[in-house]
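Next comes target34.cif, with mmCIF, C-alpha atoms and all ligand atoms.
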```cif
data_protein
loop_
_atom_site.label_atom_id
_atom_site.label_comp_id
_atom_site.auth_asym_id
_atom_site.auth_seq_id
_atom_site.Cartn_x
_atom_site.Cartn_y
_atom_site.Cartn_z
CA MET A 281 -30.56 -23.34 -15.31
CA THR A 282 -28.08 -21.79 -12.96
CA GLN A 283 -24.66 -23.26 -12.51
CA ARG A 284 -21.94 -22.36 -10.01
CA VAL A 285 -18.46 -21.71 -11.35
CA SER A 286 -15.79 -21.84 -8.67
CA ILE A 287 -13.02 -19.29 -9.14
CA VAL A 288 -11.14 -18.32 -5.96
CA GLU A 289 -8.93 -15.71 -7.59
CA ASN A 290 -7.32 -12.80 -5.83
CA ILE A 291 -8.87 -9.70 -7.35
CA LEU A 292 -5.59 -7.81 -7.24
CA ASN A 293 -3.76 -10.51 -9.21
CA ALA A 294 -3.37 -8.42 -12.34
CA ASN A 295 -1.64 -5.66 -10.42
CA ASP A 296 0.60 -8.12 -8.57
CA ARG A 297 1.72 -9.75 -11.80
CA LEU A 298 2.71 -6.44 -13.32
CA ALA A 299 4.50 -5.50 -10.09
CA GLU A 300 6.60 -8.64 -10.54
CA GLU A 301 7.49 -7.48 -14.04
CA ASN A 302 8.52 -4.07 -12.72
CA ARG A 303 10.66 -5.75 -10.09
CA THR A 304 12.48 -7.87 -12.66
CA ARG A 305 13.15 -4.85 -14.79
CA ILE A 306 14.53 -2.73 -11.93
CA GLN A 307 16.51 -5.65 -10.54
CA SER A 308 18.15 -6.59 -13.81
CA ALA A 309 19.36 -3.01 -14.27
CA GLY A 310 21.13 -3.31 -10.91
CA VAL A 311 19.04 -0.59 -9.28
CA PHE A 312 17.80 -0.59 -5.68
CA SER A 313 14.30 0.85 -5.34
CA ILE A 314 12.00 2.07 -2.59
CA ASN A 315 8.35 3.07 -2.45
CA ILE A 316 7.76 5.90 0.03
CA MET A 317 4.24 6.10 1.43
CA ALA A 318 2.71 8.49 3.96
CA SER A 319 -0.28 10.67 4.66
CA PRO A 320 -0.34 14.05 2.87
CA GLY A 321 2.24 16.42 4.27
CA ALA A 322 4.11 13.90 6.44
CA GLY A 323 7.32 14.89 4.72
CA LYS A 324 7.92 12.46 1.84
CA THR A 325 9.35 15.08 -0.51
CA SER A 326 11.30 16.72 2.33
CA LEU A 327 12.87 13.34 3.10
CA ILE A 328 13.79 12.87 -0.55
CA GLU A 329 15.36 16.35 -0.63
CA GLN A 330 17.37 15.75 2.54
CA THR A 331 18.44 12.32 1.36
CA LEU A 332 19.68 13.71 -1.95
CA SER A 333 21.58 16.47 -0.25
CA ARG A 334 23.27 14.01 2.14
CA LEU A 335 24.08 11.51 -0.61
CA ASN A 336 25.75 14.39 -2.35
CA GLY A 337 26.24 12.51 -5.62
CA LYS A 338 27.43 9.25 -3.99
CA LEU A 339 24.56 7.39 -5.66
CA ARG A 340 22.93 8.20 -8.97
CA VAL A 341 19.30 8.76 -8.09
CA ALA A 342 16.10 8.78 -10.12
CA THR A 343 12.81 9.79 -8.51
CA ILE A 344 9.25 9.14 -9.57
CA ASP A 345 6.62 11.28 -7.88
CA GLY A 346 2.97 10.36 -7.82
CA ASP A 347 0.44 13.11 -7.27
CA ILE A 348 -3.14 13.70 -8.23
CA ALA A 349 -2.05 16.87 -10.07
CA THR A 350 0.92 19.28 -10.47
CA SER A 351 4.64 18.61 -10.89
CA ILE A 352 5.68 20.45 -7.71
CA ASP A 353 7.24 17.39 -6.06
CA ALA A 354 9.22 16.26 -9.12
CA ASP A 355 10.52 19.82 -9.50
CA ARG A 356 11.63 19.81 -5.85
CA ALA A 357 13.43 16.48 -6.31
CA ALA A 358 15.19 17.74 -9.45
CA ALA A 359 16.23 20.92 -7.69
CA ALA A 360 17.62 18.86 -4.80
CA GLY A 361 19.89 16.90 -7.12
CA ALA A 362 18.00 13.94 -8.57
CA GLN A 363 19.54 13.02 -11.93
CA ALA A 364 16.05 12.28 -13.24
CA ALA A 365 12.69 13.26 -11.75
CA ILE A 366 9.53 11.98 -13.33
CA GLN A 367 6.07 13.09 -12.29
CA ILE A 368 3.09 10.80 -12.57
CA ASN A 369 -0.27 12.54 -12.37
CA THR A 370 -2.81 9.96 -11.35
CA GLY A 371 -5.74 12.08 -12.48
CA GLY A 372 -7.75 11.50 -9.33
CA ASP A 373 -6.49 8.12 -8.20
CA CYS A 374 -5.40 8.11 -4.58
CA HIS A 375 -2.44 5.76 -5.00
CA LEU A 376 0.10 4.58 -7.53
CA ASP A 377 -0.32 1.11 -8.98
CA ALA A 378 1.94 -1.21 -10.92
CA VAL A 379 0.56 -0.01 -14.26
CA MET A 380 1.48 3.60 -13.53
CA LEU A 381 4.97 2.66 -12.37
CA HIS A 382 5.37 0.51 -15.47
CA GLY A 383 4.59 3.55 -17.63
CA ALA A 384 7.03 5.75 -15.75
CA LEU A 385 9.82 3.17 -16.02
CA GLU A 386 9.44 3.35 -19.80
CA GLN A 387 10.71 6.92 -19.60
CA LEU A 388 13.89 6.00 -17.74
CA ASP A 389 17.12 4.38 -18.81
CA LEU A 390 17.51 2.44 -15.56
CA THR A 391 21.12 1.48 -16.26
CA LEU A 392 22.10 5.09 -15.52
CA PHE A 393 21.06 4.89 -11.84
CA ASP A 394 21.86 3.17 -8.55
CA LEU A 395 18.77 4.15 -6.60
CA LEU A 396 15.15 4.67 -7.60
CA ILE A 397 12.91 6.51 -5.15
CA VAL A 398 9.18 6.39 -5.77
CA GLU A 399 7.02 8.88 -3.84
CA ASN A 400 3.50 7.54 -3.60
CA VAL A 401 0.37 9.70 -3.42
CA GLY A 402 -0.24 11.08 0.08
CA ASN A 403 -2.67 8.56 1.59
CA LEU A 404 -2.56 6.14 4.53
CA VAL A 405 -5.01 3.58 3.22
CA CYS A 406 -4.98 2.75 -0.45
CA PRO A 407 -1.28 2.48 -1.40
CA ALA A 408 -0.93 -0.49 0.97
CA SER A 409 -3.08 -2.66 -1.31
CA PHE A 410 -1.18 -1.97 -4.51
CA LYS A 411 2.27 -3.48 -4.87
CA LEU A 412 4.50 -1.57 -7.28
CA GLY A 413 7.41 -3.96 -7.57
CA THR A 414 9.97 -1.89 -5.65
CA HIS A 415 12.45 -3.70 -3.38
CA LYS A 416 11.36 -2.06 -0.13
CA SER A 417 8.40 -0.06 1.09
CA VAL A 418 8.97 2.78 3.49
CA LEU A 419 6.35 4.52 5.57
CA VAL A 420 6.91 8.09 6.71
CA ALA A 421 4.93 8.80 9.87
CA SER A 422 5.14 12.25 11.38
CA VAL A 423 4.76 13.42 14.95
CA PRO A 424 1.87 15.92 14.42
CA GLU A 425 -0.31 13.15 12.94
CA GLY A 426 -0.63 11.62 16.40
CA ASP A 427 0.51 8.44 18.09
CA ASP A 428 -2.61 6.40 17.36
CA LYS A 429 -2.01 5.98 13.64
CA PRO A 430 -0.64 2.40 13.76
CA TYR A 431 -3.88 1.39 15.47
CA LYS A 432 -6.09 3.16 12.95
CA TYR A 433 -4.21 2.25 9.79
CA PRO A 434 -2.83 -1.24 10.47
CA GLY A 435 -2.80 -2.13 6.79
CA MET A 436 -0.19 0.48 6.08
CA TYR A 437 1.93 -0.12 9.17
CA ARG A 438 2.16 -3.88 8.91
CA GLY A 439 3.27 -4.05 5.29
CA VAL A 440 6.37 -1.86 5.30
CA ASP A 441 10.08 -2.70 5.56
CA ALA A 442 11.18 0.56 7.16
CA LEU A 443 9.46 3.23 9.19
CA VAL A 444 10.59 6.84 9.34
CA ILE A 445 9.18 8.94 12.19
CA ASN A 446 9.59 12.47 10.86
CA LYS A 447 9.29 15.88 12.54
CA ILE A 448 10.74 14.81 15.89
CA ASP A 449 11.71 18.47 16.33
CA LEU A 450 8.01 18.98 17.09
CA LEU A 451 7.91 16.48 20.00
CA PRO A 452 8.04 19.25 22.65
CA TYR A 453 4.93 20.88 21.18
CA VAL A 454 2.68 17.92 20.40
CA THR A 455 1.29 15.12 22.53
CA PHE A 456 2.94 12.07 21.04
CA ARG A 457 3.61 9.06 23.27
CA MET A 458 6.49 7.38 21.49
CA ASP A 459 6.09 4.15 23.52
CA TYR A 460 2.39 3.85 22.68
CA PHE A 461 3.13 4.50 19.01
CA GLU A 462 5.97 1.99 18.89
CA ARG A 463 3.95 -0.67 20.68
CA GLY A 464 1.29 -0.42 17.97
CA VAL A 465 3.97 -0.75 15.31
CA GLN A 466 5.70 -3.71 16.94
CA VAL A 467 2.52 -5.77 17.28
CA LEU A 468 1.99 -6.17 13.58
CA ASN A 469 5.43 -5.46 12.25
CA PRO A 470 7.90 -6.78 14.81
CA GLY A 471 11.48 -5.76 14.23
CA VAL A 472 10.78 -3.25 11.46
CA SER A 473 13.71 -0.82 11.00
CA THR A 474 12.68 2.48 12.54
CA PHE A 475 14.26 5.88 11.96
CA PRO A 476 13.13 8.79 14.14
CA LEU A 477 14.40 11.94 12.45
CA SER A 478 13.76 15.53 11.54
CA CYS A 479 14.02 16.87 8.03
CA ARG A 480 14.07 20.33 9.58
CA THR A 481 17.05 19.97 11.98
CA GLY A 482 18.76 17.03 10.29
CA GLU A 483 18.74 14.96 13.50
CA GLY A 484 18.63 11.21 12.81
CA LEU A 485 19.06 11.55 9.05
CA ASP A 486 22.47 9.87 8.96
CA ALA A 487 21.11 6.53 10.19
CA TRP A 488 18.43 6.63 7.49
CA VAL A 489 20.90 7.47 4.72
CA ASP A 490 23.21 4.69 5.94
CA TRP A 491 20.37 2.16 5.73
CA LEU A 492 19.64 3.31 2.21
CA THR A 493 23.24 3.20 1.00
CA ASP A 494 23.83 -0.21 2.61
CA ASN A 495 20.83 -1.58 0.75
CA ALA A 496 21.78 0.06 -2.54
CA LYS A 497 25.20 -1.63 -2.61
CA MET B 124 -11.30 5.76 -4.19
CA HIS B 125 -9.37 2.79 -5.61
CA GLU B 126 -12.54 0.77 -5.99
CA LEU B 127 -12.88 1.62 -9.69
CA PRO B 128 -9.82 -0.32 -10.91
CA ILE B 129 -10.73 -3.09 -8.47
CA THR B 130 -14.25 -3.31 -9.84
CA GLU B 131 -12.81 -3.45 -13.35
CA SER B 132 -10.61 -6.39 -12.31
CA LEU B 133 -13.59 -8.09 -10.75
CA LEU B 134 -15.62 -7.76 -13.94
CA LYS B 135 -12.74 -8.98 -16.07
CA ILE B 136 -12.18 -12.10 -13.97
CA ALA B 137 -15.92 -12.87 -13.89
CA LEU B 138 -16.32 -12.44 -17.67
CA GLN B 139 -13.30 -14.65 -18.39
CA HIS B 140 -14.67 -17.48 -16.30
CA ALA B 141 -18.18 -17.08 -17.68
CA GLU B 142 -16.87 -17.33 -21.20
CA LYS B 143 -14.97 -20.52 -20.38
CA ALA B 144 -18.22 -21.98 -19.01
CA ASN B 145 -20.12 -20.90 -22.15
CA ALA B 146 -22.51 -18.91 -20.02
CA ARG B 147 -25.15 -16.59 -21.46
CA ARG B 148 -25.56 -14.60 -18.30
CA ILE B 149 -23.87 -14.07 -14.93
CA THR B 150 -26.48 -13.89 -12.18
CA ASP B 151 -24.38 -13.69 -8.99
CA LEU B 152 -20.84 -12.94 -7.85
CA HIS B 153 -19.57 -14.28 -4.54
CA ILE B 154 -16.86 -12.03 -3.17
CA VAL B 155 -14.84 -12.69 -0.03
CA MET B 156 -13.57 -9.67 1.83
CA GLY B 157 -11.46 -9.71 4.97
CA GLU B 158 -12.10 -7.25 7.76
CA LEU B 159 -8.65 -5.75 7.22
CA ALA B 160 -9.03 -5.34 3.45
CA THR B 161 -9.29 -1.66 2.60
CA MET B 162 -12.11 -1.90 0.08
CA VAL B 163 -15.56 -0.44 0.51
CA ASP B 164 -18.33 -2.72 -0.71
CA ASP B 165 -20.75 0.16 -1.36
CA SER B 166 -18.26 1.78 -3.72
CA ILE B 167 -17.68 -1.47 -5.55
CA GLN B 168 -21.45 -1.80 -5.94
CA PHE B 169 -21.64 1.78 -7.23
CA TYR B 170 -18.97 1.29 -9.90
CA TRP B 171 -20.30 -2.14 -10.76
CA GLU B 172 -23.62 -0.73 -11.90
CA ILE B 173 -21.80 1.59 -14.28
CA ILE B 174 -19.17 -0.70 -15.77
CA ALA B 175 -21.14 -3.97 -15.93
CA LYS B 176 -23.80 -2.31 -18.07
CA ASP B 177 -24.14 -3.86 -21.54
CA THR B 178 -22.18 -6.96 -20.53
CA ILE B 179 -23.55 -10.41 -19.69
CA ALA B 180 -22.98 -9.51 -16.03
CA GLU B 181 -25.26 -6.49 -16.19
CA LYS B 182 -27.94 -7.84 -13.85
CA ALA B 183 -25.60 -9.78 -11.57
CA ILE B 184 -25.99 -9.43 -7.82
CA LEU B 185 -22.85 -8.90 -5.76
CA HIS B 186 -22.64 -10.90 -2.53
CA PHE B 187 -19.96 -9.92 -0.03
CA ARG B 188 -18.87 -12.41 2.60
CA ARG B 189 -16.99 -10.69 5.39
CA VAL B 190 -14.18 -12.59 7.10
CA PRO B 191 -13.37 -11.32 10.60
CA ALA B 192 -9.75 -10.58 11.40
CA GLU B 193 -7.79 -13.07 13.45
CA LEU B 194 -4.33 -12.57 14.89
CA GLN B 195 -2.11 -15.13 16.53
CA CYS B 196 0.25 -14.12 19.31
CA MET B 197 3.80 -15.23 18.56
CA THR B 198 4.61 -15.60 22.26
CA CYS B 199 1.78 -17.65 23.73
CA PHE B 200 0.10 -18.59 20.42
CA GLU B 201 -3.30 -17.39 21.59
CA LYS B 202 -5.57 -16.52 18.66
CA TYR B 203 -7.54 -13.32 19.08
CA HIS B 204 -9.59 -10.66 17.38
CA PRO B 205 -7.88 -7.25 17.39
CA THR B 206 -9.82 -4.25 18.65
CA ASP B 207 -9.52 -0.64 17.54
CA LYS B 208 -7.66 0.42 20.63
CA GLU B 209 -5.50 -2.56 21.38
CA LEU B 210 -3.64 -4.82 19.06
CA VAL B 211 -1.59 -6.54 21.77
CA CYS B 212 -2.32 -10.10 22.89
CA PRO B 213 -5.18 -10.10 25.41
CA ASN B 214 -3.75 -13.22 27.06
CA CYS B 215 -0.08 -12.41 27.72
CA HIS B 216 0.02 -8.75 26.62
CA SER B 217 3.04 -9.25 24.44
CA VAL B 218 3.48 -7.64 21.05
CA GLY B 219 4.35 -9.49 17.85
CA ALA B 220 1.47 -11.25 16.16
CA LYS B 221 0.79 -12.88 12.85
CA ILE B 222 -2.31 -12.17 10.80
CA ILE B 223 -4.15 -15.41 10.20
CA LYS B 224 -7.33 -14.09 8.69
CA GLY B 225 -8.76 -10.79 7.56
CA GLU B 226 -6.73 -9.71 4.53
CA GLU B 227 -8.47 -11.79 1.90
CA PHE B 228 -10.01 -10.12 -1.10
CA SER B 229 -11.04 -12.58 -3.75
CA LEU B 230 -13.74 -13.69 -6.12
CA ASP B 231 -14.81 -17.09 -4.83
CA ALA B 232 -17.39 -18.11 -7.40
CA ILE B 233 -19.95 -16.90 -9.89
CA ASP B 234 -23.38 -18.25 -10.73
CA VAL B 235 -24.13 -18.38 -14.44
CA GLU B 236 -26.91 -19.46 -16.74
N1 LIG A 501 8.85 21.02 11.68
C1 LIG A 501 9.08 20.19 10.67
N2 LIG A 501 8.44 20.37 9.50
C2 LIG A 501 8.68 19.49 8.49
C3 LIG A 501 9.59 18.42 8.63
N3 LIG A 501 9.62 17.72 7.47
C4 LIG A 501 8.77 18.35 6.63
N4 LIG A 501 8.20 19.42 7.23
C5 LIG A 501 7.21 20.35 6.65
O1 LIG A 501 6.01 19.62 6.39
C6 LIG A 501 5.36 20.14 5.23
C7 LIG A 501 5.04 19.03 4.23
O2 LIG A 501 6.27 18.48 3.75
P1 LIG A 501 6.36 17.71 2.35
O3 LIG A 501 7.74 17.16 2.27
O4 LIG A 501 5.87 18.53 1.23
O5 LIG A 501 5.34 16.53 2.61
P2 LIG A 501 4.81 15.40 1.59
O6 LIG A 501 4.58 14.18 2.41
O7 LIG A 501 5.74 15.26 0.45
O8 LIG A 501 3.43 16.01 1.12
P3 LIG A 501 2.50 15.55 -0.13
O9 LIG A 501 3.41 15.09 -1.24
O10 LIG A 501 1.73 16.77 -0.46
O11 LIG A 501 1.64 14.46 0.40
C8 LIG A 501 6.27 21.21 4.68
O12 LIG A 501 5.81 22.46 5.11
C9 LIG A 501 7.62 20.88 5.29
O13 LIG A 501 8.45 22.02 5.44
C10 LIG A 501 10.27 18.28 9.90
O14 LIG A 501 11.06 17.36 10.14
N5 LIG A 501 9.96 19.17 10.88
MG MG A 502 5.34 15.30 -1.61
ZN ZN A 503 0.11 -13.90 23.93
#
```
Kindly return the structure encoded in the file as structure tokens.
Amino acid sequence: MTQRVSIVENILNANDRLAEENRTRIQSAGVFSINIMASPGAGKTSLIEQTLSRLNGKLRVATIDGDIATSIDADRAAAAGAQAAIQINTGGDCHLDAVMLHGALEQLDLTLFDLLIVENVGNLVCPASFKLGTHKSVLVASVPEGDDKPYKYPGMYRGVDALVINKIDLLPYVTFRMDYFERGVQVLNPGVSTFPLSCRTGEGLDAWVDWLTDNAK
Amino acid sequence: MHELPITESLLKIALQHAEKANARRITDLHIVMGELATMVDDSIQFYWEIIAKDTIAEKAILHFRRVPAELQCMTCFEKYHPTDKELVCPNCHSVGAKIIKGEEFSLDAIDVE
């Protein structure tokens, strides 16, 4: 005889619970943490490099870089001045999840840092569904990707606390209607802090670094 | 590509509840998936057939109930369905809306014997 068992359980519960644990751990060490998400090549690592160079030792920074393979990004962060740079190779997974961050945190003495920067795997879809436990999520959009991305990837755009629009030095060369882009952002994420900048020329980076340092205090 | 860990979660939750109900077999899973959830049901089905093998859920059928997205305008409070090209309120054209429906992703129930 068949019987119905009612459940109504969020399938991502296990991840969310572990994300909470990560949060408590980071929080109790007095560290401010961000999760940087973007499509491949938008400039996540470039932003981390520029941020480190502008902070110039003012904050003690640890980075955790998620990639399918290689340690290129962690090496770049270390070279740019991160006091610790850990690479997570996801072995094929297209996003970081709370379990992977949990493992990486085991390798860090968090009390030695003020700021933890997590670079997620380059992907505009999947990372949105997996909370890590960081304080803020940041999306790096970039001008050459096109101005329709908020419309096509609403899941990513609506869930973030800050939005960086990178590569504004390329605005003269690419069709990118800033008003159309921003309208799409504002519909689902009204009032989100937005930072148009260029990691190439340095324009706009100060406002971003100020936001970060204000939050890390 | 993240459907593998998700399918593993799904199986784990189903098995836990089946055990509590002293079930011998799970015949059906009823999954609710919002239009804005980023999961692909075909991929979940694909992984399911691999990982549910040799468990009491091996022959279970996955049923997906799709929930359409619904936004509510925060200016005129009109409820509307977003389209690919326009997310703004079709009534007053203002931006700033709340998602009411469409993000759910849960296991609603299982049928067991
Ligand atoms: N013109 C221009 N190029 C930039 C800017 N920021 C980054 N780039 C270039 O964009 C490319 C990708 O930058 P990365 O920082 O590696 O991007 P990423 O998001 O970390 O890439 P993945 O980790 O591989 O997903 C590099 O060639 C950078 O030099 C910018 O502001 N302007
Ligand atoms: Mg990178
Ligand atoms: Zn309206």
Protein and nucleic residues near ligand MG 502 (chain A), 9 Å, all atoms listed in the file, as a ChimeraX atom specification: /A:320-326,328,345-347,352-354,356,399-402
Could you check the closest approach to chain A for each of B:Leu210, B:Met156, B:Cys215, B:Ala183 and tell me which residue wins, using all atoms listed in the file? B:Leu210
Give me, as number ranges by chain, the residues of chain A touching chain B, with the criterion being at most 8 Å (counting all atoms listed in the file). A: 281-292, 294, 373-375, 405-406, 409, 431-432, 435, 463-464, 466-470
Compare A:Asp441, A:Leu396, A:Leu451, A:Ala421 by their minimum atom-to-atom distance to A:Trp491, counting all atoms listed in the file, and give me the closest one.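 When distances to A:Trp491 are compared using all atoms listed in the file, the smallest one comes from A:Asp441.
Interatomic distance, atom CA of A:Leu339 against atom CA of A:Asp394: 5.8 Å.
Using only C-alpha atoms, the smallest distance between any of B:Ile223, B:Ala180, B:Ala175, B:Val163 and B:Gln195 comes from B:Ile223.
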Kindly give the distance, in Å, that separates atom CA of A:Glu425 and atom CA of A:Gly413, rounded to a single decimal.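 Going from atom CA of A:Glu425 over to atom CA of A:Gly413, I get 27.8 Å.
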Computed interatomic separation between atom CA of A:Gln367 and atom CA of A:Gln387 (Å):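 Distance reported for this atom pair: 10.6 Å.
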If we count only C-alpha atoms and set the cut-off at 6 Å, which residues sit around stretch 295-302 of chain A, ignoring sequence neighbours fewer than 2 positions away in its own chain? Please answer as an MDAnalysis selection string. chainID A and resid 292:293 304:305 378 412:413
